[in-house]
Amino acid sequence: MTGATDVERTPKTYRAHLPILWWLRRRSYLLFVVRELSSVFVAWFVVFLLLLVVSVARGEEAYRRFLDWSANPVVLAVNIVALLFVVYHALTWFNLAPKAMILNVRGRRVPPPLVAFAHFGAWLVVSIVVAWIVVG
Amino acid sequence: MAKHRVEPVLWLLFSAGGLVAALMVPVLLLLFGVVFPLGWVAAPDYAHLSAVVRFPLTRLALLGVCVLALFHWAHRFKYTLYDGLQLQRQHAAINAFCYGGAVIGSAIAAYLLLLYV
């Protein structure tokens, strides 16, 4: 190998090499990764929801079995952890909403706290309506 | 060029999915994952829940939640693998796993919610 070929093989873009556990270095890095990992629990929820829907479609006996399964300590523990992650997702999502949505009404910018407040209000209303439909 | 056309769509799905997940998932997971199993509130009786689930608008809404939530997962998890585990070089495999998973998951959700229920 000559020096010239080594130069040709050098990637054109510079890539900083980070250790694999870089996200443990700072609290803010860790919270970033926690927020990203919340998506795994969002996906888990889809699976859980579909299992519920299928059990309801299959009949009362299957629904009973689903309720028993969801009370299993392992499933319960997974769902408690999942709930913490999705609540963290919701809090961070709504807090970022004013930065993502720049709203102007009659040429004046809607104050960022109002945008966040509207999102938290919508969260409350949706939660109450969903709980009301479910519990009946 | 195709990359530039699809990228905004993926960001839009991520964003819509993030909003829908933030609004809908905590309450449903709190009720069916924690409150009912622990018996804090009695689980809804079968006749009521069955009527709710069989109502066409419920099924369409749940399908929307599932599809958007899955694409939200795909987009965010892709970057978790890229950045968290330093796997930028495996981008083709990661894209296939994440977006492929979201497409297959959406197809299963559509089958279950629209045809099976």
# chains A, B, ... in the order shown; residues from 1 in each chain; ligands from 1

$ residues_around --residues "stretch 49-62 of chain B" --least-positions-apart "2" --cutoff "10 Å" --atoms "only C-alpha atoms" --output "PDB file with N, CA and C atoms, in the first residue's frame"
ATOM      1  N   VAL A  46     -49.011   0.097  21.032  1.00  0.00           N
ATOM      2  CA  VAL A  46     -49.767  -0.330  19.846  1.00  0.00           C
ATOM      3  C   VAL A  46     -50.038  -1.834  19.930  1.00  0.00           C
ATOM      4  N   LEU A  49     -52.604  -2.463  22.688  1.00  0.00           N
ATOM      5  CA  LEU A  49     -53.935  -2.030  22.246  1.00  0.00           C
ATOM      6  C   LEU A  49     -54.558  -3.039  21.284  1.00  0.00           C
ATOM      7  N   LEU A  50     -53.746  -3.534  20.332  1.00  0.00           N
ATOM      8  CA  LEU A  50     -54.272  -4.502  19.365  1.00  0.00           C
ATOM      9  C   LEU A  50     -54.649  -5.813  20.051  1.00  0.00           C
ATOM     10  N   LEU A  52     -55.772  -6.049  23.078  1.00  0.00           N
ATOM     11  CA  LEU A  52     -57.040  -5.749  23.748  1.00  0.00           C
ATOM     12  C   LEU A  52     -58.202  -5.816  22.766  1.00  0.00           C
ATOM     13  N   VAL A  53     -58.024  -5.151  21.614  1.00  0.00           N
ATOM     14  CA  VAL A  53     -59.093  -5.097  20.614  1.00  0.00           C
ATOM     15  C   VAL A  53     -59.441  -6.503  20.109  1.00  0.00           C
ATOM     16  N   VAL A  54     -58.405  -7.306  19.841  1.00  0.00           N
ATOM     17  CA  VAL A  54     -58.640  -8.672  19.353  1.00  0.00           C
ATOM     18  C   VAL A  54     -59.378  -9.490  20.419  1.00  0.00           C
ATOM     19  N   SER A  55     -58.982  -9.331  21.682  1.00  0.00           N
ATOM     20  CA  SER A  55     -59.649 -10.108  22.737  1.00  0.00           C
ATOM     21  C   SER A  55     -61.119  -9.710  22.865  1.00  0.00           C
ATOM     22  N   VAL A  56     -61.392  -8.420  22.716  1.00  0.00           N
ATOM     23  CA  VAL A  56     -62.788  -7.966  22.786  1.00  0.00           C
ATOM     24  C   VAL A  56     -63.576  -8.533  21.601  1.00  0.00           C
ATOM     25  N   ALA A  57     -62.941  -8.562  20.425  1.00  0.00           N
ATOM     26  CA  ALA A  57     -63.619  -9.091  19.238  1.00  0.00           C
ATOM     27  C   ALA A  57     -63.912 -10.584  19.374  1.00  0.00           C
ATOM     28  N   ARG A  58     -63.059 -11.298  20.098  1.00  0.00           N
ATOM     29  CA  ARG A  58     -63.224 -12.749  20.219  1.00  0.00           C
ATOM     30  C   ARG A  58     -64.325 -13.148  21.184  1.00  0.00           C
ATOM     31  N   GLY A  59     -64.701 -12.251  22.083  1.00  0.00           N
ATOM     32  CA  GLY A  59     -65.802 -12.584  22.988  1.00  0.00           C
ATOM     33  C   GLY A  59     -65.467 -12.338  24.450  1.00  0.00           C
ATOM     34  N   GLU A  60     -66.471 -12.539  25.284  1.00  0.00           N
ATOM     35  CA  GLU A  60     -66.350 -12.179  26.694  1.00  0.00           C
ATOM     36  C   GLU A  60     -65.257 -12.981  27.401  1.00  0.00           C
ATOM     37  N   TYR A  63     -61.871 -11.646  26.545  1.00  0.00           N
ATOM     38  CA  TYR A  63     -61.691 -10.358  27.229  1.00  0.00           C
ATOM     39  C   TYR A  63     -61.291 -10.590  28.688  1.00  0.00           C
ATOM     40  N   ILE A 133     -65.476   7.704  27.588  1.00  0.00           N
ATOM     41  CA  ILE A 133     -65.955   6.718  26.611  1.00  0.00           C
ATOM     42  C   ILE A 133     -65.653   5.298  27.087  1.00  0.00           C
ATOM     43  N   VAL A 134     -64.439   5.094  27.624  1.00  0.00           N
ATOM     44  CA  VAL A 134     -64.017   3.754  28.032  1.00  0.00           C
ATOM     45  C   VAL A 134     -64.823   3.269  29.235  1.00  0.00           C
ATOM     46  N   VAL A 135     -64.885   4.093  30.261  1.00  0.00           N
ATOM     47  CA  VAL A 135     -65.555   3.664  31.495  1.00  0.00           C
ATOM     48  C   VAL A 135     -67.074   3.678  31.311  1.00  0.00           C
ATOM     49  N   GLY A 136     -67.558   4.599  30.521  1.00  0.00           N
ATOM     50  CA  GLY A 136     -68.973   4.629  30.174  1.00  0.00           C
ATOM     51  C   GLY A 136     -69.893   5.192  31.254  1.00  0.00           C
TER      52      GLY A 136
ATOM     53  N   MET B  24     -53.187  10.641  23.256  1.00  0.00           N
ATOM     54  CA  MET B  24     -54.030   9.452  23.448  1.00  0.00           C
ATOM     55  C   MET B  24     -53.410   8.352  24.317  1.00  0.00           C
ATOM     56  N   ALA B  43     -62.860  -2.718  35.678  1.00  0.00           N
ATOM     57  CA  ALA B  43     -62.723  -2.724  34.222  1.00  0.00           C
ATOM     58  C   ALA B  43     -64.104  -2.614  33.592  1.00  0.00           C
ATOM     59  N   PRO B  44     -64.200  -1.931  32.429  1.00  0.00           N
ATOM     60  CA  PRO B  44     -65.515  -1.791  31.787  1.00  0.00           C
ATOM     61  C   PRO B  44     -66.115  -3.164  31.467  1.00  0.00           C
ATOM     62  N   ASP B  45     -67.436  -3.260  31.578  1.00  0.00           N
ATOM     63  CA  ASP B  45     -68.036  -4.575  31.297  1.00  0.00           C
ATOM     64  C   ASP B  45     -67.997  -4.855  29.799  1.00  0.00           C
ATOM     65  N   TYR B  46     -68.081  -6.146  29.500  1.00  0.00           N
ATOM     66  CA  TYR B  46     -67.846  -6.585  28.125  1.00  0.00           C
ATOM     67  C   TYR B  46     -68.796  -5.948  27.121  1.00  0.00           C
ATOM     68  N   ALA B  47     -70.088  -5.911  27.459  1.00  0.00           N
ATOM     69  CA  ALA B  47     -71.088  -5.404  26.506  1.00  0.00           C
ATOM     70  C   ALA B  47     -70.771  -3.961  26.101  1.00  0.00           C
ATOM     71  N   GLY B  64     -55.885   5.063  13.061  1.00  0.00           N
ATOM     72  CA  GLY B  64     -55.072   6.277  12.914  1.00  0.00           C
ATOM     73  C   GLY B  64     -54.016   6.372  14.004  1.00  0.00           C
ATOM     74  N   VAL B  65     -54.428   6.100  15.238  1.00  0.00           N
ATOM     75  CA  VAL B  65     -53.479   6.131  16.360  1.00  0.00           C
ATOM     76  C   VAL B  65     -52.359   5.120  16.129  1.00  0.00           C
ATOM     77  N   CYS B  66     -52.732   3.889  15.740  1.00  0.00           N
ATOM     78  CA  CYS B  66     -51.730   2.827  15.551  1.00  0.00           C
ATOM     79  C   CYS B  66     -50.732   3.189  14.454  1.00  0.00           C
ATOM     80  N   VAL B  67     -51.238   3.599  13.299  1.00  0.00           N
ATOM     81  CA  VAL B  67     -50.359   3.880  12.154  1.00  0.00           C
ATOM     82  C   VAL B  67     -49.412   5.043  12.481  1.00  0.00           C
ATOM     83  N   LEU B  68     -49.978   6.139  12.993  1.00  0.00           N
ATOM     84  CA  LEU B  68     -49.133   7.301  13.282  1.00  0.00           C
ATOM     85  C   LEU B  68     -48.141   6.992  14.397  1.00  0.00           C
ATOM     86  N   ALA B 109     -52.390  -3.856  11.848  1.00  0.00           N
ATOM     87  CA  ALA B 109     -53.394  -3.063  12.566  1.00  0.00           C
ATOM     88  C   ALA B 109     -54.628  -2.845  11.686  1.00  0.00           C
ATOM     89  N   ALA B 110     -54.399  -2.556  10.396  1.00  0.00           N
ATOM     90  CA  ALA B 110     -55.519  -2.331   9.474  1.00  0.00           C
ATOM     91  C   ALA B 110     -56.351  -3.600   9.322  1.00  0.00           C
ATOM     92  N   LEU B 112     -56.615  -6.123  11.489  1.00  0.00           N
ATOM     93  CA  LEU B 112     -57.318  -6.417  12.739  1.00  0.00           C
ATOM     94  C   LEU B 112     -58.471  -5.456  12.993  1.00  0.00           C
ATOM     95  N   LEU B 113     -58.232  -4.166  12.759  1.00  0.00           N
ATOM     96  CA  LEU B 113     -59.254  -3.180  13.123  1.00  0.00           C
ATOM     97  C   LEU B 113     -60.365  -3.062  12.090  1.00  0.00           C
ATOM     98  N   LEU B 114     -60.037  -3.306  10.811  1.00  0.00           N
ATOM     99  CA  LEU B 114     -61.054  -3.099   9.779  1.00  0.00           C
ATOM    100  C   LEU B 114     -61.739  -4.397   9.349  1.00  0.00           C
ATOM    101  N   VAL B 117     -62.225  -7.297  13.531  1.00  0.00           N
ATOM    102  CA  VAL B 117     -63.153  -6.904  14.605  1.00  0.00           C
ATOM    103  C   VAL B 117     -64.595  -6.904  14.097  1.00  0.00           C
TER     104      VAL B 117
END

$ closest_atom_pairs --of "stretch 31-62 of chain A" --to "stretch 88-100 of chain A" --cutoff "12 Å" --atoms "only C-alpha atoms" --output "JSON lines"
{"residue": "A:Leu31", "atom": "CA", "partner": "A:Tyr88", "partner_atom": "CA", "distance": 9.7}
{"residue": "A:Phe32", "atom": "CA", "partner": "A:Thr92", "partner_atom": "CA", "distance": 10.1}
{"residue": "A:Val33", "atom": "CA", "partner": "A:His89", "partner_atom": "CA", "distance": 11.3}
{"residue": "A:Val34", "atom": "CA", "partner": "A:Tyr88", "partner_atom": "CA", "distance": 8.6}
{"residue": "A:Arg35", "atom": "CA", "partner": "A:His89", "partner_atom": "CA", "distance": 6.0}
{"residue": "A:Glu36", "atom": "CA", "partner": "A:His89", "partner_atom": "CA", "distance": 8.5}
{"residue": "A:Leu37", "atom": "CA", "partner": "A:His89", "partner_atom": "CA", "distance": 9.3}
{"residue": "A:Ser38", "atom": "CA", "partner": "A:His89", "partner_atom": "CA", "distance": 6.2}
{"residue": "A:Ser39", "atom": "CA", "partner": "A:His89", "partner_atom": "CA", "distance": 8.1}
{"residue": "A:Val40", "atom": "CA", "partner": "A:His89", "partner_atom": "CA", "distance": 11.0}
{"residue": "A:Phe41", "atom": "CA", "partner": "A:His89", "partner_atom": "CA", "distance": 9.9}
{"residue": "A:Val42", "atom": "CA", "partner": "A:His89", "partner_atom": "CA", "distance": 9.1}

$ write_last_selection --atoms "N, CA and C atoms" --output "mmCIF file, in the first residue's frame"
data_model
loop_
_atom_site.group_PDB
_atom_site.id
_atom_site.type_symbol
_atom_site.label_atom_id
_atom_site.label_comp_id
_atom_site.auth_asym_id
_atom_site.auth_seq_id
_atom_site.Cartn_x
_atom_site.Cartn_y
_atom_site.Cartn_z
ATOM 1 N N LEU A 31 -31.294 12.376 29.447
ATOM 2 C CA LEU A 31 -32.713 12.695 29.256
ATOM 3 C C LEU A 31 -33.078 12.680 27.773
ATOM 4 N N PHE A 32 -32.133 13.088 26.923
ATOM 5 C CA PHE A 32 -32.361 13.038 25.474
ATOM 6 C C PHE A 32 -32.597 11.592 25.029
ATOM 7 N N VAL A 33 -31.739 10.681 25.524
ATOM 8 C CA VAL A 33 -31.873 9.276 25.120
ATOM 9 C C VAL A 33 -33.146 8.664 25.716
ATOM 10 N N VAL A 34 -33.486 9.054 26.948
ATOM 11 C CA VAL A 34 -34.733 8.581 27.556
ATOM 12 C C VAL A 34 -35.927 9.010 26.699
ATOM 13 N N ARG A 35 -35.880 10.265 26.235
ATOM 14 C CA ARG A 35 -36.966 10.779 25.395
ATOM 15 C C ARG A 35 -37.044 9.995 24.083
ATOM 16 N N GLU A 36 -35.898 9.707 23.498
ATOM 17 C CA GLU A 36 -35.893 8.926 22.256
ATOM 18 C C GLU A 36 -36.425 7.514 22.494
ATOM 19 N N LEU A 37 -36.035 6.924 23.656
ATOM 20 C CA LEU A 37 -36.459 5.552 23.952
ATOM 21 C C LEU A 37 -37.948 5.458 24.278
ATOM 22 N N SER A 38 -38.583 6.600 24.587
ATOM 23 C CA SER A 38 -40.025 6.564 24.840
ATOM 24 C C SER A 38 -40.761 5.999 23.630
ATOM 25 N N SER A 39 -40.163 6.142 22.435
ATOM 26 C CA SER A 39 -40.812 5.649 21.221
ATOM 27 C C SER A 39 -40.989 4.128 21.260
ATOM 28 N N VAL A 40 -40.077 3.432 21.944
ATOM 29 C CA VAL A 40 -40.196 1.973 22.060
ATOM 30 C C VAL A 40 -41.473 1.620 22.831
ATOM 31 N N PHE A 41 -41.774 2.431 23.856
ATOM 32 C CA PHE A 41 -42.960 2.152 24.651
ATOM 33 C C PHE A 41 -44.241 2.588 23.936
ATOM 34 N N VAL A 42 -44.118 3.577 23.054
ATOM 35 C CA VAL A 42 -45.252 3.939 22.190
ATOM 36 C C VAL A 42 -45.572 2.750 21.278
#

$ closest_residue --among "A:Ile20, A:Val115, A:Val129, A:Val81" --to "chain B" --atoms "only C-alpha atoms"
A:Ile20

$ select_by_dssp --residues "chain A" --states "helix (DSSP H, G or I)" --output "PyMOL selection string"
chain A and resi 3-9+22-24+27-58+60-70+73-100+112-135

$ atom_distance --atom1 "atom CA of A:Ala118" --atom2 "atom CA of B:Ala74"
27.3 Å

$ closest_residue --among "A:Val110, A:Ile80, A:Leu30, A:Ala62" --to "chain B" --atoms "only C-alpha atoms"
A:Ile80

$ select_by_dssp --residues "stretch 57-121 of chain A" --states "strand (DSSP E or B)" --output "ChimeraX atom specification"
/A:104-105,108-109

$ closest_residue --among "A:Ala16, A:Leu83, A:Val126, A:Val74" --to "A:Trp44" --atoms "only C-alpha atoms"
A:Leu83

$ closest_residue --among "A:Ser28, A:Ser127, A:Thr13, A:Asn104" --to "B:Leu31" --atoms "only C-alpha atoms"
A:Ser127

$ closest_residue --among "A:Arg106, A:Leu124, A:Pro113, A:Trp23" --to "B:Thr80" --atoms "only C-alpha atoms"
A:Trp23

$ residues_around --residues "B:Tyr82" --least-positions-apart "2" --cutoff "12 Å" --atoms "only C-alpha atoms" --output "mmCIF file with C-alpha atoms, in the first residue's frame"
data_model
loop_
_atom_site.group_PDB
_atom_site.id
_atom_site.type_symbol
_atom_site.label_atom_id
_atom_site.label_comp_id
_atom_site.auth_asym_id
_atom_site.auth_seq_id
_atom_site.Cartn_x
_atom_site.Cartn_y
_atom_site.Cartn_z
ATOM 1 C CA LEU A 18 -17.776 8.969 20.294
ATOM 2 C CA ILE A 20 -20.815 4.085 22.813
ATOM 3 C CA VAL A 33 -31.873 9.276 25.120
ATOM 4 C CA GLU A 36 -35.893 8.926 22.256
ATOM 5 C CA HIS B 75 -38.443 7.696 12.909
ATOM 6 C CA ARG B 76 -37.376 8.267 16.497
ATOM 7 C CA PHE B 77 -35.980 4.771 17.056
ATOM 8 C CA LYS B 78 -33.947 5.091 13.863
ATOM 9 C CA TYR B 79 -32.129 8.075 15.333
ATOM 10 C CA THR B 80 -31.813 6.314 18.710
ATOM 11 C CA GLY B 84 -27.227 6.203 20.784
ATOM 12 C CA LEU B 85 -25.382 3.158 19.493
ATOM 13 C CA GLN B 86 -23.259 4.932 16.834
ATOM 14 C CA LEU B 87 -24.698 2.798 14.039
ATOM 15 C CA GLN B 88 -24.797 5.392 11.228
ATOM 16 C CA ARG B 89 -22.978 2.962 8.928
ATOM 17 C CA GLN B 90 -25.791 0.397 9.125
ATOM 18 C CA HIS B 91 -28.346 2.924 7.891
ATOM 19 C CA ALA B 92 -29.796 0.697 5.158
ATOM 20 C CA ALA B 93 -30.519 -2.157 7.578
ATOM 21 C CA ILE B 94 -31.851 0.232 10.239
ATOM 22 C CA ASN B 95 -34.145 1.997 7.762
ATOM 23 C CA CYS B 98 -37.733 0.675 11.356
#

$ atom_distance --atom1 "atom CA of B:His72" --atom2 "atom CA of A:Gly121"
22.3 Å

$ residues_around --residues "A:Trp69" --least-positions-apart "3" --cutoff "12 Å" --atoms "only C-alpha atoms" --output "JSON, numbers by chain"
{"A": [48, 51, 52, 55, 62, 63, 64, 65, 66, 72, 73, 74, 75, 76, 79], "B": [32, 33, 36, 37, 38]}

$ atom_distance --atom1 "atom CA of B:Leu12" --atom2 "atom CA of B:Leu63"
17.3 Å

$ decode --residues "stretch 27-74 of chain A" --atoms "C-alpha atoms" --output "PDB file, in the first residue's frame"
ATOM      1  CA  ARG A  27     -27.893  14.447  32.645  1.00  0.00           C
ATOM      2  CA  SER A  28     -29.143  16.324  29.585  1.00  0.00           C
ATOM      3  CA  TYR A  29     -27.692  13.654  27.269  1.00  0.00           C
ATOM      4  CA  LEU A  30     -29.338  10.913  29.335  1.00  0.00           C
ATOM      5  CA  LEU A  31     -32.713  12.695  29.256  1.00  0.00           C
ATOM      6  CA  PHE A  32     -32.361  13.038  25.474  1.00  0.00           C
ATOM      7  CA  VAL A  33     -31.873   9.276  25.120  1.00  0.00           C
ATOM      8  CA  VAL A  34     -34.733   8.581  27.556  1.00  0.00           C
ATOM      9  CA  ARG A  35     -36.966  10.779  25.395  1.00  0.00           C
ATOM     10  CA  GLU A  36     -35.893   8.926  22.256  1.00  0.00           C
ATOM     11  CA  LEU A  37     -36.459   5.552  23.952  1.00  0.00           C
ATOM     12  CA  SER A  38     -40.025   6.564  24.840  1.00  0.00           C
ATOM     13  CA  SER A  39     -40.812   5.649  21.221  1.00  0.00           C
ATOM     14  CA  VAL A  40     -40.196   1.973  22.060  1.00  0.00           C
ATOM     15  CA  PHE A  41     -42.960   2.152  24.651  1.00  0.00           C
ATOM     16  CA  VAL A  42     -45.252   3.939  22.190  1.00  0.00           C
ATOM     17  CA  ALA A  43     -44.734   0.935  19.883  1.00  0.00           C
ATOM     18  CA  TRP A  44     -45.381  -1.440  22.803  1.00  0.00           C
ATOM     19  CA  PHE A  45     -48.658   0.374  23.432  1.00  0.00           C
ATOM     20  CA  VAL A  46     -49.767  -0.330  19.846  1.00  0.00           C
ATOM     21  CA  VAL A  47     -49.163  -4.055  20.446  1.00  0.00           C
ATOM     22  CA  PHE A  48     -51.005  -3.924  23.786  1.00  0.00           C
ATOM     23  CA  LEU A  49     -53.935  -2.030  22.246  1.00  0.00           C
ATOM     24  CA  LEU A  50     -54.272  -4.502  19.365  1.00  0.00           C
ATOM     25  CA  LEU A  51     -54.232  -7.437  21.809  1.00  0.00           C
ATOM     26  CA  LEU A  52     -57.040  -5.749  23.748  1.00  0.00           C
ATOM     27  CA  VAL A  53     -59.093  -5.097  20.614  1.00  0.00           C
ATOM     28  CA  VAL A  54     -58.640  -8.672  19.353  1.00  0.00           C
ATOM     29  CA  SER A  55     -59.649 -10.108  22.737  1.00  0.00           C
ATOM     30  CA  VAL A  56     -62.788  -7.966  22.786  1.00  0.00           C
ATOM     31  CA  ALA A  57     -63.619  -9.091  19.238  1.00  0.00           C
ATOM     32  CA  ARG A  58     -63.224 -12.749  20.219  1.00  0.00           C
ATOM     33  CA  GLY A  59     -65.802 -12.584  22.988  1.00  0.00           C
ATOM     34  CA  GLU A  60     -66.350 -12.179  26.694  1.00  0.00           C
ATOM     35  CA  GLU A  61     -64.174 -15.148  27.699  1.00  0.00           C
ATOM     36  CA  ALA A  62     -61.183 -13.823  25.709  1.00  0.00           C
ATOM     37  CA  TYR A  63     -61.691 -10.358  27.229  1.00  0.00           C
ATOM     38  CA  ARG A  64     -61.603 -11.941  30.725  1.00  0.00           C
ATOM     39  CA  ARG A  65     -58.344 -13.673  29.836  1.00  0.00           C
ATOM     40  CA  PHE A  66     -56.887 -10.368  28.604  1.00  0.00           C
ATOM     41  CA  LEU A  67     -57.792  -8.690  31.906  1.00  0.00           C
ATOM     42  CA  ASP A  68     -56.143 -11.544  33.857  1.00  0.00           C
ATOM     43  CA  TRP A  69     -53.050 -11.351  31.646  1.00  0.00           C
ATOM     44  CA  SER A  70     -52.768  -7.578  32.093  1.00  0.00           C
ATOM     45  CA  ALA A  71     -52.792  -8.103  35.901  1.00  0.00           C
ATOM     46  CA  ASN A  72     -49.805 -10.451  35.636  1.00  0.00           C
ATOM     47  CA  PRO A  73     -46.960  -8.792  37.646  1.00  0.00           C
ATOM     48  CA  VAL A  74     -44.551  -8.763  34.677  1.00  0.00           C
TER      49      VAL A  74
END
